[in-house]
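*Asks:* My structure is stored as upload-v7.txt, with compact mmCIF, N, CA and C atoms.
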```txt
# COMPACT_ATOMS: atom_id res chain seq x y z
N MET W 1 -35.89 -6.38 -9.54
CA MET W 1 -35.35 -6.31 -8.20
C MET W 1 -33.85 -6.58 -8.27
N LYS W 2 -33.08 -5.72 -7.63
CA LYS W 2 -31.63 -5.86 -7.63
C LYS W 2 -31.18 -6.74 -6.47
N CYS W 3 -30.20 -7.54 -6.76
CA CYS W 3 -29.60 -8.36 -5.70
C CYS W 3 -28.54 -7.54 -4.98
N MET W 4 -28.54 -7.61 -3.69
CA MET W 4 -27.54 -6.90 -2.89
C MET W 4 -26.35 -7.82 -2.66
N ARG W 5 -25.17 -7.25 -2.78
CA ARG W 5 -23.95 -8.00 -2.53
C ARG W 5 -23.56 -7.87 -1.06
N VAL W 6 -23.22 -8.96 -0.49
CA VAL W 6 -22.74 -8.95 0.89
C VAL W 6 -21.22 -9.07 0.85
N VAL W 7 -20.58 -8.10 1.45
CA VAL W 7 -19.12 -8.09 1.49
C VAL W 7 -18.68 -8.48 2.88
N ARG W 8 -17.85 -9.48 2.96
CA ARG W 8 -17.32 -9.91 4.25
C ARG W 8 -15.92 -9.36 4.42
N ILE W 9 -15.68 -8.84 5.57
CA ILE W 9 -14.36 -8.30 5.88
C ILE W 9 -13.56 -9.40 6.57
N LYS W 10 -12.43 -9.72 5.98
CA LYS W 10 -11.58 -10.75 6.56
C LYS W 10 -10.69 -10.12 7.62
N GLN W 11 -10.59 -10.78 8.75
CA GLN W 11 -9.72 -10.32 9.82
C GLN W 11 -8.43 -11.11 9.78
N LYS W 12 -7.34 -10.47 10.17
CA LYS W 12 -6.08 -11.18 10.25
C LYS W 12 -6.15 -12.15 11.41
N LYS W 13 -5.70 -13.34 11.19
CA LYS W 13 -5.73 -14.36 12.23
C LYS W 13 -4.32 -14.82 12.55
N CYS W 14 -4.09 -15.09 13.80
CA CYS W 14 -2.80 -15.61 14.23
C CYS W 14 -3.06 -16.65 15.31
N TYR W 15 -2.74 -17.88 15.04
CA TYR W 15 -2.95 -18.97 15.99
C TYR W 15 -4.40 -19.03 16.48
N GLY W 16 -5.34 -18.76 15.58
CA GLY W 16 -6.75 -18.85 15.93
C GLY W 16 -7.31 -17.65 16.65
N MET W 17 -6.52 -16.60 16.83
CA MET W 17 -7.01 -15.40 17.50
C MET W 17 -6.89 -14.22 16.56
N THR W 18 -7.76 -13.24 16.74
CA THR W 18 -7.66 -12.01 15.99
C THR W 18 -6.51 -11.19 16.55
N LEU W 19 -5.68 -10.65 15.68
CA LEU W 19 -4.58 -9.82 16.14
C LEU W 19 -5.12 -8.50 16.67
N ASN W 20 -4.75 -8.15 17.84
CA ASN W 20 -5.15 -6.89 18.44
C ASN W 20 -3.90 -6.08 18.70
N LYS W 21 -3.68 -5.10 17.85
CA LYS W 21 -2.48 -4.29 17.96
C LYS W 21 -2.80 -2.93 18.53
N PHE W 22 -1.87 -2.42 19.28
CA PHE W 22 -1.93 -1.07 19.81
C PHE W 22 -0.67 -0.36 19.36
N TYR W 23 -0.71 0.94 19.31
CA TYR W 23 0.44 1.72 18.86
C TYR W 23 0.84 2.72 19.93
N ILE W 24 2.13 2.99 20.00
CA ILE W 24 2.65 3.96 20.96
C ILE W 24 3.74 4.78 20.27
N LYS W 25 3.77 6.04 20.61
CA LYS W 25 4.86 6.91 20.16
C LYS W 25 5.90 6.88 21.26
N SER W 26 7.01 6.23 21.00
CA SER W 26 8.01 5.99 22.03
C SER W 26 9.11 7.04 22.00
N GLU W 27 9.71 7.25 23.16
CA GLU W 27 10.86 8.15 23.27
C GLU W 27 12.13 7.48 22.73
N HIS W 28 12.12 6.15 22.65
CA HIS W 28 13.32 5.41 22.29
C HIS W 28 13.39 5.03 20.81
N HIS W 29 12.31 5.28 20.06
CA HIS W 29 12.27 4.91 18.64
C HIS W 29 11.57 6.03 17.88
N THR W 30 12.02 6.31 16.66
CA THR W 30 11.50 7.46 15.91
C THR W 30 10.11 7.22 15.34
N GLU W 31 9.78 5.99 14.96
CA GLU W 31 8.48 5.69 14.36
C GLU W 31 7.51 5.16 15.42
N ASP W 32 6.21 5.11 15.05
CA ASP W 32 5.24 4.50 15.94
C ASP W 32 5.55 3.01 16.09
N VAL W 33 5.37 2.51 17.30
CA VAL W 33 5.68 1.12 17.60
C VAL W 33 4.38 0.38 17.88
N ALA W 34 4.19 -0.76 17.20
CA ALA W 34 3.00 -1.59 17.42
C ALA W 34 3.32 -2.63 18.49
N TYR W 35 2.37 -2.81 19.40
CA TYR W 35 2.53 -3.84 20.43
C TYR W 35 1.21 -4.52 20.66
N ARG W 36 1.24 -5.65 21.30
CA ARG W 36 0.03 -6.40 21.66
C ARG W 36 0.30 -7.18 22.93
N PHE W 37 -0.74 -7.76 23.47
CA PHE W 37 -0.59 -8.60 24.64
C PHE W 37 -0.39 -10.05 24.19
N ASN W 38 0.29 -10.80 25.00
CA ASN W 38 0.52 -12.21 24.73
C ASN W 38 -0.83 -12.91 24.55
N PRO W 39 -1.00 -13.71 23.48
CA PRO W 39 -2.29 -14.39 23.25
C PRO W 39 -2.73 -15.29 24.40
N ASN W 40 -1.80 -15.79 25.19
CA ASN W 40 -2.15 -16.66 26.32
C ASN W 40 -2.86 -15.91 27.44
N VAL W 41 -2.64 -14.60 27.55
CA VAL W 41 -3.25 -13.83 28.63
C VAL W 41 -4.25 -12.78 28.10
N TRP W 42 -4.55 -12.82 26.80
CA TRP W 42 -5.43 -11.82 26.21
C TRP W 42 -6.79 -11.78 26.90
N HIS W 43 -7.37 -12.93 27.18
CA HIS W 43 -8.68 -12.99 27.84
C HIS W 43 -8.64 -12.35 29.22
N GLU W 44 -7.62 -12.65 29.99
CA GLU W 44 -7.51 -12.10 31.33
C GLU W 44 -7.30 -10.59 31.30
N VAL W 45 -6.47 -10.12 30.37
CA VAL W 45 -6.18 -8.69 30.28
C VAL W 45 -7.43 -7.90 29.93
N THR W 46 -8.23 -8.40 29.00
CA THR W 46 -9.38 -7.64 28.53
C THR W 46 -10.64 -7.83 29.37
N ASN W 47 -10.75 -8.93 30.12
CA ASN W 47 -12.00 -9.21 30.83
C ASN W 47 -11.94 -9.13 32.34
N TRP W 48 -10.78 -9.13 32.91
CA TRP W 48 -10.67 -9.13 34.37
C TRP W 48 -10.00 -7.85 34.85
N LYS W 49 -10.68 -7.12 35.70
CA LYS W 49 -10.11 -5.88 36.23
C LYS W 49 -9.02 -6.15 37.26
N THR W 50 -9.05 -7.32 37.87
CA THR W 50 -8.09 -7.63 38.92
C THR W 50 -6.79 -8.23 38.38
N TYR W 51 -6.72 -8.48 37.08
CA TYR W 51 -5.50 -9.08 36.51
C TYR W 51 -4.38 -8.05 36.51
N LYS W 52 -3.23 -8.44 37.01
CA LYS W 52 -2.06 -7.57 37.04
C LYS W 52 -1.21 -7.86 35.81
N VAL W 53 -1.08 -6.87 34.96
CA VAL W 53 -0.27 -7.02 33.74
C VAL W 53 1.20 -7.07 34.11
N LYS W 54 1.95 -7.96 33.46
CA LYS W 54 3.38 -8.07 33.67
C LYS W 54 4.10 -7.58 32.41
N VAL W 55 5.35 -7.25 32.55
CA VAL W 55 6.15 -6.81 31.40
C VAL W 55 6.24 -7.93 30.37
N THR W 56 6.28 -9.17 30.83
CA THR W 56 6.39 -10.30 29.90
C THR W 56 5.12 -10.55 29.11
N ASP W 57 3.99 -9.95 29.53
CA ASP W 57 2.73 -10.09 28.80
C ASP W 57 2.68 -9.20 27.56
N ILE W 58 3.57 -8.25 27.44
CA ILE W 58 3.57 -7.29 26.34
C ILE W 58 4.53 -7.77 25.26
N GLN W 59 4.05 -7.81 24.02
CA GLN W 59 4.88 -8.21 22.89
C GLN W 59 4.99 -7.05 21.92
N ILE W 60 6.20 -6.75 21.47
CA ILE W 60 6.42 -5.70 20.48
C ILE W 60 6.32 -6.33 19.10
N VAL W 61 5.41 -5.80 18.27
CA VAL W 61 5.17 -6.36 16.95
C VAL W 61 6.07 -5.71 15.90
N SER W 62 6.36 -4.44 16.07
CA SER W 62 7.19 -3.72 15.10
C SER W 62 8.62 -4.23 15.10
N ASP W 63 9.29 -3.98 14.00
CA ASP W 63 10.68 -4.41 13.86
C ASP W 63 11.60 -3.35 14.46
N VAL W 64 12.06 -3.60 15.68
CA VAL W 64 12.98 -2.69 16.36
C VAL W 64 14.14 -3.51 16.91
N PRO W 65 15.29 -2.89 17.17
CA PRO W 65 16.42 -3.63 17.75
C PRO W 65 16.06 -4.22 19.12
N LYS W 66 16.74 -5.30 19.47
CA LYS W 66 16.42 -6.04 20.69
C LYS W 66 16.60 -5.20 21.96
N ASP W 67 17.65 -4.39 22.03
CA ASP W 67 17.89 -3.59 23.23
C ASP W 67 16.83 -2.50 23.39
N VAL W 68 16.36 -1.95 22.27
CA VAL W 68 15.31 -0.92 22.31
C VAL W 68 13.95 -1.56 22.64
N LYS W 69 13.78 -2.80 22.22
CA LYS W 69 12.52 -3.51 22.47
C LYS W 69 12.21 -3.61 23.96
N MET W 70 13.23 -3.91 24.77
CA MET W 70 13.02 -4.01 26.22
C MET W 70 12.67 -2.65 26.81
N LEU W 71 13.30 -1.59 26.33
CA LEU W 71 12.99 -0.25 26.83
C LEU W 71 11.54 0.14 26.49
N ILE W 72 11.09 -0.22 25.30
CA ILE W 72 9.73 0.10 24.90
C ILE W 72 8.72 -0.71 25.68
N ARG W 73 9.01 -2.00 25.93
CA ARG W 73 8.11 -2.82 26.75
C ARG W 73 7.96 -2.23 28.15
N ARG W 74 9.07 -1.77 28.72
CA ARG W 74 9.04 -1.16 30.05
C ARG W 74 8.23 0.14 30.01
N GLU W 75 8.38 0.92 28.92
CA GLU W 75 7.64 2.17 28.78
C GLU W 75 6.14 1.92 28.67
N VAL W 76 5.73 0.92 27.90
CA VAL W 76 4.32 0.56 27.78
C VAL W 76 3.77 0.10 29.12
N PHE W 77 4.55 -0.73 29.83
CA PHE W 77 4.14 -1.22 31.14
C PHE W 77 3.92 -0.07 32.12
N GLU W 78 4.83 0.89 32.14
CA GLU W 78 4.68 2.04 33.03
C GLU W 78 3.48 2.91 32.65
N ASP W 79 3.19 3.03 31.36
CA ASP W 79 2.00 3.77 30.92
C ASP W 79 0.72 3.08 31.38
N ILE W 80 0.70 1.74 31.32
CA ILE W 80 -0.47 0.98 31.77
C ILE W 80 -0.67 1.18 33.27
N LEU W 81 0.41 1.09 34.04
CA LEU W 81 0.30 1.27 35.50
C LEU W 81 -0.15 2.69 35.83
N ALA W 82 0.34 3.68 35.11
CA ALA W 82 -0.06 5.07 35.37
C ALA W 82 -1.53 5.30 35.03
N SER W 83 -2.02 4.64 34.00
CA SER W 83 -3.42 4.84 33.62
C SER W 83 -4.39 4.14 34.59
N GLU W 84 -3.93 3.10 35.29
CA GLU W 84 -4.78 2.39 36.24
C GLU W 84 -4.95 3.15 37.55
N GLN W 85 -4.03 4.07 37.86
CA GLN W 85 -4.11 4.79 39.14
C GLN W 85 -4.94 6.03 39.03
```
Turn this file's structure into structure tokens for me.
*Replies:*
Amino acid sequence: MKCMRVVRIKQKKCYGMTLNKFYIKSEHHTEDVAYRFNPNVWHEVTNWKTYKVKVTDIQIVSDVPKDVKMLIRREVFEDILASEQ
């Protein structure tokens, strides 16, 4: 009888939470940009339909210049609002 090996997949952890990244093709940056929601509001964003997302809830994970980062956050925010309507 052969023994089966169990392989566990390790998830990236950050401050006790699993990192949840999303990607967007931005008009302001040539490469794909990774973003996520602030860990403090992650539960509300994913579980409550009535939660209103704010621009400050969006964090840009990719390495982009600071002035472009604000433009991309605003672009992601507008995409979220457009998809909710």
*Asks:* Please indicate the distance in Å from atom N of Lys69 of chain W to atom CA of Glu84 of chain W, rounded to one decimal place.
*Replies:* 23.8 Å
*Asks:* To one decimal in Å, tell me the separation between atom C of Ser62 of chain W and atom N of Glu31 of chain W.
*Replies:* 10.3 Å
*Asks:* Is it possible to get the residues within 6 Å of (1.6, -3.7, 37.9) (coordinates as in the file, counting all atoms listed in the file) written as a compact mmCIF listing (two decimals) with N, CA and C atoms, in the coordinates of the input?
*Replies:*
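Output saved as point28.txt:
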```
# COMPACT_ATOMS: atom_id res chain seq x y z
N LYS W 52 -3.23 -8.44 37.01
CA LYS W 52 -2.06 -7.57 37.04
C LYS W 52 -1.21 -7.86 35.81
N VAL W 53 -1.08 -6.87 34.96
CA VAL W 53 -0.27 -7.02 33.74
C VAL W 53 1.20 -7.07 34.11
N LEU W 81 0.41 1.09 34.04
CA LEU W 81 0.30 1.27 35.50
C LEU W 81 -0.15 2.69 35.83
```
*Asks:* Taking (5.0, 3.4, 15.3) in the file's own coordinates, collect the residues within 10 Å, counting only C-alpha atoms, and hand them back as JSON, numbers by chain.
*Replies:* {"W": [22, 23, 24, 25, 26, 29, 30, 31, 32, 33, 34, 35, 61, 62, 63]}
*Asks:* Between atom N of Arg36 of chain W and atom C of Lys21 of chain W, what is the distance, to one decimal in Å?
*Replies:*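 Separation between atom N of Arg36 of chain W and atom C of Lys21 of chain W: 5.6 Å.
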*Asks:* Point out the residue among W:Trp42, W:Glu75, W:Phe37, W:Ser83 with the least atom-to-atom distance to Ile58 of chain W, counting all atoms listed in the file.
*Replies:*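 For Ile58 of chain W, the nearest of the given residues is W:Phe37.
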